[in-house]
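Enquirer: Below are the structure tokens for one structure; questions will follow.
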Amino acid sequence: MARLKTNGTKDFGSTRRVPSCPNGFYTEDELKPHLKRPPQNPRAPGADGRPFVSQRLTVEERIEKSKGFNKHQFNQFASDRISLHRDLGKDTRHPDCVEQKFLRCPGLPTTSVIIVFHNEAFSTLLRTVYSVLHTAPAAVLLEILLVDDASTDDDLKTRLDDYVRQLKIVRVLRQRKWKGLTAARLMGAQSAQGQVLTFLDSHCECFPGWLEPLLARIAEQPSAVVSPTIPSINKDNLEFTKPVPIADQYRGNFDWWLNFGWEVIPEEERKRRKNETYPVRSPTFAGGLFSVSKSYFEHIGTYDNQMEFWGGENLEMSFRVWQCGGQLEIIPCSVVGHIFREVSPHTFPNKITVITRNLVRLAEVWMDDYKWVFYRTHREASSIFEENSFGNVTERHELRKRLKCKSFSWYLNNVYPEAYVPDIRPVMHGQYFEYTSRQEIRLSSAIHFCLHVTPGSDLVSLEHCQLKGKGTTVGPEQVWIFTKKNRLRNPSSGKCLTVLGELLYVTSCNTTNLSQTWIFT
């Protein structure tokens with residue numbers, strides 16, 4: 001439970017020394033997992049995280065492989081033949097991580113691991129469970145909660161219940177109606193007994209030493225929401241991409257369509273970190289795999305429970321955590337592999353509209369006037385806003401007020417100063433293009449493309465905008481002066497934007513040439 005400190009603010013845990021807790025660091029014996037991994041056959045399919053290699057398949061096997069892939073969008077055929085207890089081999093993390101020790105005082109908090117699934121492949125789900133049981137210290141892993149989001153596959157019903165009964169600390173919770181990720185996770189969070197909630201997807205494998213760094217960081221900073229590094233498990237052959245000490249570190253970002261993405265951490269963040277055990281501050285997170293103090297999760301407003309199915313909940317939580325006094329971090333020493341699929345195997349009614357509606361809800365609550373940038377770039381979002389069909393957000397506004405959360409402008413300036421920040425209201429804009437206060441002509445629907453004069457040529461094309469955020473400027477090839485005669489003049493060439501057939505050029509400015517007259521509609 002959260003405690004009130006003397007200044008009236010909430011304390012979600014403490015790193016102060018407790019008189020009864022022992023000195024020193026946890027021993028290897030104290031951090032033993034619940035289950036010892038059975039002996040491994042180094043030549044077994046997929047052993048040590050290696051790819052599954054298909055030999056000559058029979059007709060029946062080819063049909064089985066095809067059906068499994070079509071259903072799950074990864075190689076279920078391979079998953080069914082790789083050991084549920086597969087060892088990922090030698091610990092290849094950075095030496096700082098391998099040698100990291102954890103203080104007994106204040107100690108690592110307990111955690112409940114929550115795994116939501118909907119019609120997941122049986123072998124893949126169980127491999128995720130065993131991966132946790134074989135790596136997470138028994139002293140801190142209180143339970144694994146499998147939340148069934150109304151699966152219809154027979155083997156995920158009685159067969160699963162019977163199977164996990166032998167695993168003691170594993171429980172299955174079931175939603176009768178398919179409600180989606182956020183509702184299922186909330187069900188798990190409400191049932192969880194651990195001090196920390198650790199959310200995993202149902203197609204993961206945990207690398208040795210993944211859990212302790214997450215819990216240690218929360219013990220140190222209870223308002224941190226922490227994610228592991230997430231390497232890929234190849235969807236075609238289930239090869240586990242092992243960590244490499246010299247690899248670049250990545251963090252989460254977003255674009256103005258409110259898509260989540262990844263980027264290499266900037267030099268300033270790289271310099272801030274003293275060694276590899278230090279967390280990476282991340283403007284956003286993927287939202288599938290993370291740990292958070294249960295009391296802080298509740299204090300910060302859990303999830304927006306009016307968001308439907310999935311999509312946007314990760315950005316909503318990202319903005320909310322940062323703006324309301326918390327922080328998002330990636331812990332490089334924590335490594336959990338994930339099967340990334342190119343296409344989701346799950347469909348639900350009005351999928352694109354549902355996701356866009358979720359994004360409108362977060363824009364309305366957290367983005368202040370910058371929501372207009374999103375609506376300008378995303379027509380469907382604009383329509384949902386104009387039709388007022390995104391639901392009631394009064395409770396979320398009240399949450400923001402109660403938590404005394406900062407503005408989105410503060411977030412952009414302090415959390416993600418590297419981001420390109422568009423004009424809230426451009427100087428001029430039409431259906432397709434906008435003229436910015438920096439004298440660029442940007443494509444509205446993909447705001448990072450600009451009209452560009454090719455050096456040494458009069459040809460004009462759409463190129464990536466040179467102004468991308470902190471430390472960048474508009475180059476002369478992308479500067480356009482809008483004249484009183486409705487001409488767009490490029491100062492570096494002294495020429496005006498001209499349409500010739502289906503192409504754009506710069507030619508000598510001529511006030512009588514209608515091919516040089518421009519309006520934004």
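Just so we're on the same page: first chain in the structure tokens is A, next is B, and so on; residues restart at 1 for each chain, and ligands are numbered from 1 in the order they show up.
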Can you list, as a list of chain:residue names, every protein, DNA or RNA residue that comes within 9 Å of region 418-428 of chain A when you count only C-alpha atoms, leaving out same-chain residues fewer than 5 positions away?
Expert: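 With the cut-off at 9 Å, the set is A:Asn253, A:Phe254, A:Asp255, A:Trp256, A:Pro266, A:Asp369, A:Tyr370, A:Lys371, A:Trp372, A:Val373, A:Leu412, A:Asn413, A:Phe433, A:Glu434, A:Tyr435, A:Thr436, A:Ser437, A:Gln439, A:Ile447, A:His448, A:Leu467, A:Lys468, A:Gly469, A:Lys470, A:Gly471, A:Ile519, A:Phe520.
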Enquirer: Compile the contact shell of region 285-300 of chain A as a PyMOL selection string: residues with an atom at most 6 Å away, counting only C-alpha atoms, same-chain residues fewer than 6 positions apart removed.
Expert: chain A and resi 1-2+195-200+225-227+252+314
Enquirer: Residues within 8 Å of Lys101 (chain A), please, as a PDB file with N, CA, C and O atoms, in the first residue's frame. Count only C-alpha atoms; anything in the same chain fewer than 2 positions from it doesn't count.
Expert:
```
ATOM      1  N   PHE A  25      24.644  -8.314  -0.164  1.00  0.00           N
ATOM      2  CA  PHE A  25      23.945  -8.578  -1.419  1.00  0.00           C
ATOM      3  C   PHE A  25      23.325  -9.976  -1.398  1.00  0.00           C
ATOM      4  O   PHE A  25      23.789 -10.868  -0.696  1.00  0.00           O
ATOM      5  N   TYR A  26      22.284 -10.138  -2.196  1.00  0.00           N
ATOM      6  CA  TYR A  26      21.704 -11.469  -2.373  1.00  0.00           C
ATOM      7  C   TYR A  26      22.765 -12.423  -2.925  1.00  0.00           C
ATOM      8  O   TYR A  26      23.556 -12.071  -3.812  1.00  0.00           O
ATOM      9  N   GLU A  99      27.679  -9.144 -13.905  1.00  0.00           N
ATOM     10  CA  GLU A  99      28.304  -8.999 -12.586  1.00  0.00           C
ATOM     11  C   GLU A  99      27.449  -8.195 -11.602  1.00  0.00           C
ATOM     12  O   GLU A  99      27.846  -8.009 -10.453  1.00  0.00           O
ATOM     13  N   LEU A 103      21.125  -5.489  -3.592  1.00  0.00           N
ATOM     14  CA  LEU A 103      21.156  -5.298  -2.141  1.00  0.00           C
ATOM     15  C   LEU A 103      20.009  -6.027  -1.450  1.00  0.00           C
ATOM     16  O   LEU A 103      18.861  -5.971  -1.906  1.00  0.00           O
TER      17      LEU A 103
END
```
Enquirer: Hey, what's within 9 Å of region 184-190 of chain A if we count only C-alpha atoms and toss same-chain stuff fewer than 2 positions away? As a list in words, please?
Expert: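 In the requested form, the answer reads Ser112, Ile114, Ile115, Val116, Phe117, Leu145, Leu146, Val147, Asp148, Asp149, Leu173, Arg174, Gln175, Trp178, Lys179, Gly180, Leu181, Thr182, Ala192, Gln193, Leu197, Phe199, Lys294, Thr302, Tyr303 and Asn305 of chain A.
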Enquirer: Among region 270-446 of chain A, which ones does DSSP place in strand (DSSP E), written as number ranges by chain?
Expert: A: 280-281, 290-293, 327-339, 428-429, 433-435, 441-443
Enquirer: Report as JSON, numbers by chain all protein, DNA and RNA residues lying within 12 Å of Leu141 (chain A), evaluated on only C-alpha atoms, omitting residues in the same chain fewer than 3 positions from it.
Expert: {"A": [31, 32, 33, 34, 35, 108, 109, 110, 111, 112, 113, 114, 132, 133, 134, 135, 136, 137, 138, 144, 145, 169, 170, 192, 193, 194, 195, 196, 197, 198, 211, 212, 215]}
Enquirer: Since we have the selection now, will you write its residues out, keeping N, CA, C and O atoms, as a CSV table (one decimal), in the first residue's frame?
Expert:
```
chain,number,residue,atom,x,y,z
A,31,LEU,N,18.7,-16.4,-4.9
A,31,LEU,CA,18.0,-16.0,-6.1
A,31,LEU,C,17.7,-17.2,-7.0
A,31,LEU,O,17.4,-17.0,-8.2
A,32,LYS,N,17.6,-18.4,-6.5
A,32,LYS,CA,17.3,-19.5,-7.3
A,32,LYS,C,15.8,-19.5,-7.7
A,32,LYS,O,15.0,-19.0,-7.0
A,33,PRO,N,15.6,-20.0,-8.9
A,33,PRO,CA,14.2,-19.9,-9.5
A,33,PRO,C,13.3,-21.0,-8.9
A,33,PRO,O,13.8,-21.9,-8.2
A,34,HIS,N,12.0,-21.0,-9.2
A,34,HIS,CA,11.1,-22.0,-8.7
A,34,HIS,C,11.4,-23.3,-9.2
A,34,HIS,O,11.3,-24.3,-8.5
A,35,LEU,N,11.7,-23.4,-10.5
A,35,LEU,CA,12.0,-24.7,-11.2
A,35,LEU,C,13.4,-24.7,-11.8
A,35,LEU,O,13.8,-23.8,-12.5
A,108,LEU,N,14.5,-6.8,-2.7
A,108,LEU,CA,13.7,-6.8,-3.9
A,108,LEU,C,12.2,-7.1,-3.6
A,108,LEU,O,11.9,-7.9,-2.8
A,109,PRO,N,11.3,-6.3,-4.1
A,109,PRO,CA,9.9,-6.5,-3.9
A,109,PRO,C,9.4,-7.8,-4.5
A,109,PRO,O,10.0,-8.3,-5.5
A,110,THR,N,8.2,-8.2,-4.0
A,110,THR,CA,7.6,-9.4,-4.7
A,110,THR,C,6.9,-9.0,-5.9
A,110,THR,O,6.5,-7.8,-6.1
A,111,THR,N,6.6,-9.9,-6.8
A,111,THR,CA,5.9,-9.6,-8.1
A,111,THR,C,5.0,-10.7,-8.5
A,111,THR,O,5.2,-11.8,-8.2
A,112,SER,N,3.9,-10.2,-9.1
A,112,SER,CA,3.0,-11.1,-9.8
A,112,SER,C,3.2,-10.9,-11.3
A,112,SER,O,3.2,-9.8,-11.8
A,113,VAL,N,3.5,-12.0,-12.0
A,113,VAL,CA,3.7,-11.9,-13.5
A,113,VAL,C,2.3,-12.2,-14.1
A,113,VAL,O,1.6,-13.2,-13.9
A,114,ILE,N,1.8,-11.2,-15.0
A,114,ILE,CA,0.5,-11.3,-15.6
A,114,ILE,C,0.7,-11.5,-17.1
A,114,ILE,O,1.3,-10.7,-17.8
A,132,VAL,N,9.6,-18.1,-17.4
A,132,VAL,CA,9.5,-17.3,-16.2
A,132,VAL,C,9.9,-18.2,-15.0
A,132,VAL,O,10.7,-17.8,-14.1
A,133,LEU,N,9.3,-19.4,-14.9
A,133,LEU,CA,9.6,-20.3,-13.8
A,133,LEU,C,11.0,-20.7,-13.7
A,133,LEU,O,11.6,-21.0,-12.6
A,134,HIS,N,11.7,-20.8,-14.8
A,134,HIS,CA,13.1,-21.3,-14.8
A,134,HIS,C,14.1,-20.1,-14.6
A,134,HIS,O,15.3,-20.4,-14.4
A,135,THR,N,13.6,-18.9,-14.6
A,135,THR,CA,14.6,-17.7,-14.5
A,135,THR,C,14.3,-16.8,-13.3
A,135,THR,O,15.2,-16.2,-12.8
A,136,ALA,N,13.0,-16.7,-12.9
A,136,ALA,CA,12.6,-15.7,-11.9
A,136,ALA,C,12.9,-16.3,-10.5
A,136,ALA,O,12.5,-17.4,-10.2
A,137,PRO,N,13.6,-15.5,-9.6
A,137,PRO,CA,13.9,-16.0,-8.3
A,137,PRO,C,12.6,-16.4,-7.5
A,137,PRO,O,11.6,-15.6,-7.5
A,138,ALA,N,12.6,-17.5,-6.9
A,138,ALA,CA,11.4,-18.0,-6.2
A,138,ALA,C,11.1,-17.0,-5.0
A,138,ALA,O,9.9,-16.9,-4.6
A,144,ILE,N,2.1,-16.5,-11.1
A,144,ILE,CA,1.9,-16.2,-12.5
A,144,ILE,C,0.5,-16.3,-12.8
A,144,ILE,O,-0.2,-17.3,-12.6
A,145,LEU,N,-0.1,-15.2,-13.3
A,145,LEU,CA,-1.6,-15.2,-13.6
A,145,LEU,C,-1.7,-15.2,-15.1
A,145,LEU,O,-1.3,-14.3,-15.8
A,169,ILE,N,2.1,-22.3,-8.5
A,169,ILE,CA,2.0,-20.8,-8.4
A,169,ILE,C,1.3,-20.2,-9.6
A,169,ILE,O,1.2,-19.0,-9.7
A,170,VAL,N,0.9,-21.1,-10.6
A,170,VAL,CA,0.3,-20.6,-11.8
A,170,VAL,C,-1.2,-20.7,-11.7
A,170,VAL,O,-1.7,-21.8,-11.4
A,192,ALA,N,-3.9,-9.6,-8.5
A,192,ALA,CA,-2.5,-9.9,-8.2
A,192,ALA,C,-2.2,-9.6,-6.7
A,192,ALA,O,-2.8,-8.6,-6.2
A,193,GLN,N,-1.4,-10.4,-6.1
A,193,GLN,CA,-1.0,-10.2,-4.7
A,193,GLN,C,0.4,-9.6,-4.6
A,193,GLN,O,0.8,-9.2,-3.5
A,194,GLY,N,1.2,-9.6,-5.6
A,194,GLY,CA,2.5,-9.0,-5.5
A,194,GLY,C,2.6,-7.5,-5.4
A,194,GLY,O,1.7,-6.8,-5.7
A,195,GLN,N,3.7,-7.1,-4.8
A,195,GLN,CA,3.9,-5.6,-4.7
A,195,GLN,C,4.2,-5.0,-6.0
A,195,GLN,O,3.9,-3.8,-6.2
A,196,VAL,N,4.7,-5.7,-7.0
A,196,VAL,CA,5.0,-5.2,-8.3
A,196,VAL,C,4.2,-6.1,-9.3
A,196,VAL,O,4.1,-7.3,-9.2
A,197,LEU,N,3.6,-5.4,-10.3
A,197,LEU,CA,2.9,-6.1,-11.4
A,197,LEU,C,3.9,-6.2,-12.6
A,197,LEU,O,4.5,-5.1,-13.0
A,198,THR,N,4.1,-7.4,-13.1
A,198,THR,CA,5.0,-7.5,-14.2
A,198,THR,C,4.2,-8.1,-15.4
A,198,THR,O,3.7,-9.3,-15.3
A,211,LEU,N,14.6,-10.5,-14.4
A,211,LEU,CA,13.6,-10.0,-13.4
A,211,LEU,C,14.3,-9.1,-12.4
A,211,LEU,O,13.8,-8.0,-12.0
A,212,GLU,N,15.4,-9.5,-11.8
A,212,GLU,CA,16.0,-8.8,-10.7
A,212,GLU,C,16.3,-7.3,-11.0
A,212,GLU,O,16.0,-6.4,-10.2
A,215,LEU,N,13.0,-5.2,-10.8
A,215,LEU,CA,12.5,-5.1,-9.4
A,215,LEU,C,13.4,-4.2,-8.6
A,215,LEU,O,13.0,-3.4,-7.8
```
Enquirer: Taking 3 positions as the minimum chain separation for residues in the same chain, which residues sit within 12 Å of Arg357 (chain A) when counting only C-alpha atoms? Answer as a tab-separated table (two decimals) with N, CA, C and O atoms, in the first residue's frame.
Expert:
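Below is the file that was written, around.tsv:
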```
chain	number	residue	atom	x	y	z
A	258	LEU	N	0.51	9.39	-34.07
A	258	LEU	CA	0.46	8.63	-32.81
A	258	LEU	C	0.75	7.15	-33.03
A	258	LEU	O	0.12	6.27	-32.46
A	306	GLN	N	-12.08	2.78	-20.81
A	306	GLN	CA	-13.01	2.99	-21.91
A	306	GLN	C	-12.34	2.82	-23.27
A	306	GLN	O	-12.99	2.95	-24.31
A	307	MET	N	-11.03	2.56	-23.25
A	307	MET	CA	-10.37	2.18	-24.50
A	307	MET	C	-10.78	0.75	-24.82
A	307	MET	O	-10.88	-0.09	-23.92
A	308	GLU	N	-11.00	0.47	-26.09
A	308	GLU	CA	-11.53	-0.83	-26.50
A	308	GLU	C	-10.44	-1.70	-27.13
A	308	GLU	O	-9.59	-1.21	-27.86
A	309	PHE	N	-10.48	-2.99	-26.83
A	309	PHE	CA	-9.59	-4.01	-27.37
A	309	PHE	C	-8.13	-3.63	-27.14
A	309	PHE	O	-7.61	-3.81	-26.07
A	310	TRP	N	-7.45	-3.11	-28.13
A	310	TRP	CA	-6.06	-2.70	-27.94
A	310	TRP	C	-5.72	-1.62	-28.95
A	310	TRP	O	-6.41	-1.42	-29.94
A	311	GLY	N	-4.62	-0.93	-28.69
A	311	GLY	CA	-4.15	0.13	-29.57
A	311	GLY	C	-4.23	1.48	-28.90
A	311	GLY	O	-5.32	1.95	-28.58
A	312	GLY	N	-3.08	2.11	-28.69
A	312	GLY	CA	-3.03	3.44	-28.10
A	312	GLY	C	-2.83	3.46	-26.60
A	312	GLY	O	-2.43	4.48	-26.04
A	313	GLU	N	-3.09	2.31	-25.94
A	313	GLU	CA	-2.96	2.31	-24.48
A	313	GLU	C	-1.52	2.52	-24.03
A	313	GLU	O	-1.27	3.07	-22.95
A	350	ASN	N	-14.59	-3.40	-36.77
A	350	ASN	CA	-14.16	-2.01	-36.96
A	350	ASN	C	-12.78	-1.75	-36.34
A	350	ASN	O	-12.57	-0.75	-35.65
A	351	LYS	N	-11.85	-2.65	-36.63
A	351	LYS	CA	-10.54	-2.62	-35.97
A	351	LYS	C	-9.84	-1.26	-36.08
A	351	LYS	O	-9.39	-0.71	-35.08
A	352	ILE	N	-9.74	-0.72	-37.30
A	352	ILE	CA	-9.01	0.54	-37.49
A	352	ILE	C	-9.72	1.67	-36.77
A	352	ILE	O	-9.08	2.50	-36.09
A	353	THR	N	-11.04	1.71	-36.85
A	353	THR	CA	-11.80	2.77	-36.18
A	353	THR	C	-11.66	2.67	-34.67
A	353	THR	O	-11.54	3.70	-33.99
A	354	VAL	N	-11.68	1.46	-34.13
A	354	VAL	CA	-11.54	1.27	-32.68
A	354	VAL	C	-10.20	1.81	-32.20
A	354	VAL	O	-10.11	2.53	-31.20
A	360	VAL	N	-7.90	9.08	-30.13
A	360	VAL	CA	-8.59	10.35	-29.91
A	360	VAL	C	-8.80	10.56	-28.41
A	360	VAL	O	-8.64	11.69	-27.90
A	361	ARG	N	-9.13	9.52	-27.69
A	361	ARG	CA	-9.31	9.65	-26.24
A	361	ARG	C	-8.02	10.15	-25.57
A	361	ARG	O	-8.06	11.04	-24.74
A	362	LEU	N	-6.90	9.57	-25.94
A	362	LEU	CA	-5.65	10.02	-25.30
A	362	LEU	C	-5.30	11.44	-25.73
A	362	LEU	O	-4.79	12.24	-24.93
A	363	ALA	N	-5.57	11.78	-27.00
A	363	ALA	CA	-5.28	13.14	-27.47
A	363	ALA	C	-6.12	14.16	-26.71
A	363	ALA	O	-5.63	15.23	-26.33
A	364	GLU	N	-7.38	13.84	-26.48
A	364	GLU	CA	-8.27	14.76	-25.79
A	364	GLU	C	-7.86	14.99	-24.34
A	364	GLU	O	-8.05	16.08	-23.80
A	375	TYR	N	-5.18	15.67	-35.33
A	375	TYR	CA	-6.41	15.71	-36.13
A	375	TYR	C	-6.15	16.21	-37.54
A	375	TYR	O	-6.80	15.78	-38.50
A	378	HIS	N	-4.57	13.21	-39.40
A	378	HIS	CA	-5.31	11.94	-39.38
A	378	HIS	C	-6.79	12.24	-39.56
A	378	HIS	O	-7.49	12.62	-38.64
A	379	ARG	N	-7.28	12.05	-40.77
A	379	ARG	CA	-8.65	12.46	-41.10
A	379	ARG	C	-9.70	11.69	-40.31
A	379	ARG	O	-10.70	12.26	-39.87
A	380	GLU	N	-9.48	10.39	-40.14
A	380	GLU	CA	-10.48	9.61	-39.41
A	380	GLU	C	-10.56	10.08	-37.96
A	380	GLU	O	-11.65	10.17	-37.38
A	381	ALA	N	-9.41	10.39	-37.36
A	381	ALA	CA	-9.41	10.91	-35.99
A	381	ALA	C	-10.16	12.23	-35.92
A	381	ALA	O	-10.93	12.48	-34.98
A	382	SER	N	-9.96	13.07	-36.91
A	382	SER	CA	-10.67	14.35	-36.96
A	382	SER	C	-12.18	14.14	-37.03
A	382	SER	O	-12.95	14.83	-36.36
A	383	SER	N	-12.59	13.15	-37.82
A	383	SER	CA	-14.03	12.86	-37.95
A	383	SER	C	-14.61	12.35	-36.63
A	383	SER	O	-15.70	12.75	-36.22
A	384	ILE	N	-13.87	11.46	-35.94
A	384	ILE	CA	-14.33	10.94	-34.66
A	384	ILE	C	-14.46	12.07	-33.64
A	384	ILE	O	-15.43	12.13	-32.87
A	385	PHE	N	-13.50	13.00	-33.66
A	385	PHE	CA	-13.58	14.16	-32.77
A	385	PHE	C	-14.80	15.02	-33.09
A	385	PHE	O	-15.57	15.41	-32.21
A	386	GLU	N	-14.98	15.33	-34.38
A	386	GLU	CA	-16.09	16.20	-34.78
A	386	GLU	C	-17.44	15.57	-34.48
A	386	GLU	O	-18.40	16.28	-34.14
A	387	GLU	N	-17.52	14.24	-34.59
A	387	GLU	CA	-18.77	13.54	-34.31
A	387	GLU	C	-18.96	13.26	-32.82
A	387	GLU	O	-20.00	12.72	-32.42
A	388	ASN	N	-17.95	13.60	-32.03
A	388	ASN	CA	-17.98	13.37	-30.58
A	388	ASN	C	-18.31	11.90	-30.26
A	388	ASN	O	-19.09	11.59	-29.37
A	389	SER	N	-17.65	11.00	-31.01
A	389	SER	CA	-17.94	9.57	-30.87
A	389	SER	C	-16.81	8.82	-30.17
A	389	SER	O	-16.64	7.62	-30.37
A	390	PHE	N	-16.03	9.53	-29.36
A	390	PHE	CA	-14.91	8.91	-28.67
A	390	PHE	C	-15.22	8.60	-27.20
A	390	PHE	O	-14.36	8.14	-26.46
A	391	GLY	N	-16.45	8.82	-26.79
A	391	GLY	CA	-16.84	8.49	-25.42
A	391	GLY	C	-16.56	9.63	-24.44
A	391	GLY	O	-15.98	10.65	-24.79
A	392	ASN	N	-16.96	9.41	-23.21
A	392	ASN	CA	-16.82	10.42	-22.17
A	392	ASN	C	-15.42	10.33	-21.55
A	392	ASN	O	-14.99	9.25	-21.12
A	393	VAL	N	-14.71	11.45	-21.51
A	393	VAL	CA	-13.36	11.46	-20.93
A	393	VAL	C	-13.31	12.29	-19.65
A	393	VAL	O	-12.22	12.65	-19.18
```
Enquirer: Taking the DSSP secondary structure from the backbone, can you list the residues of region 291-443 of chain A that are alpha helix (DSSP H), as number ranges by chain?
Expert: A: 294-299, 313-323, 351-366, 371-377, 379-386, 394-402, 408-414
Enquirer: Leaving out region 68-80 of chain A and any residue of its chain fewer than 5 positions from it, which residues lie within 12 Å of it when counting only C-alpha atoms, given as number ranges by chain?
Expert: A: 44-47, 49-55, 57, 60-63, 85-86, 118-128, 153, 202-205, 233-239, 338-347
Enquirer: Figure out the distance between CA of Arg281 (chain A) and CA of Val129 (chain A), please, to one decimal in Å.
Expert: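 Interatomic distance, CA of Val129 (chain A) to CA of Arg281 (chain A): 28.6 Å.
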Enquirer: Return the single residue from A:Ser191, A:Gln327, A:Ser223, A:Ser282 that is closest to Phe260 (chain A), with distances computed using only C-alpha atoms.
Expert: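 Among the listed residues, A:Ser282 lies closest to Phe260 (chain A).
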Enquirer: How many Å separate CA of Ile441 (chain A) from CA of Arg487 (chain A)?
Expert: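 Pair CA of Ile441 (chain A) / CA of Arg487 (chain A) returns 12.7 Å.
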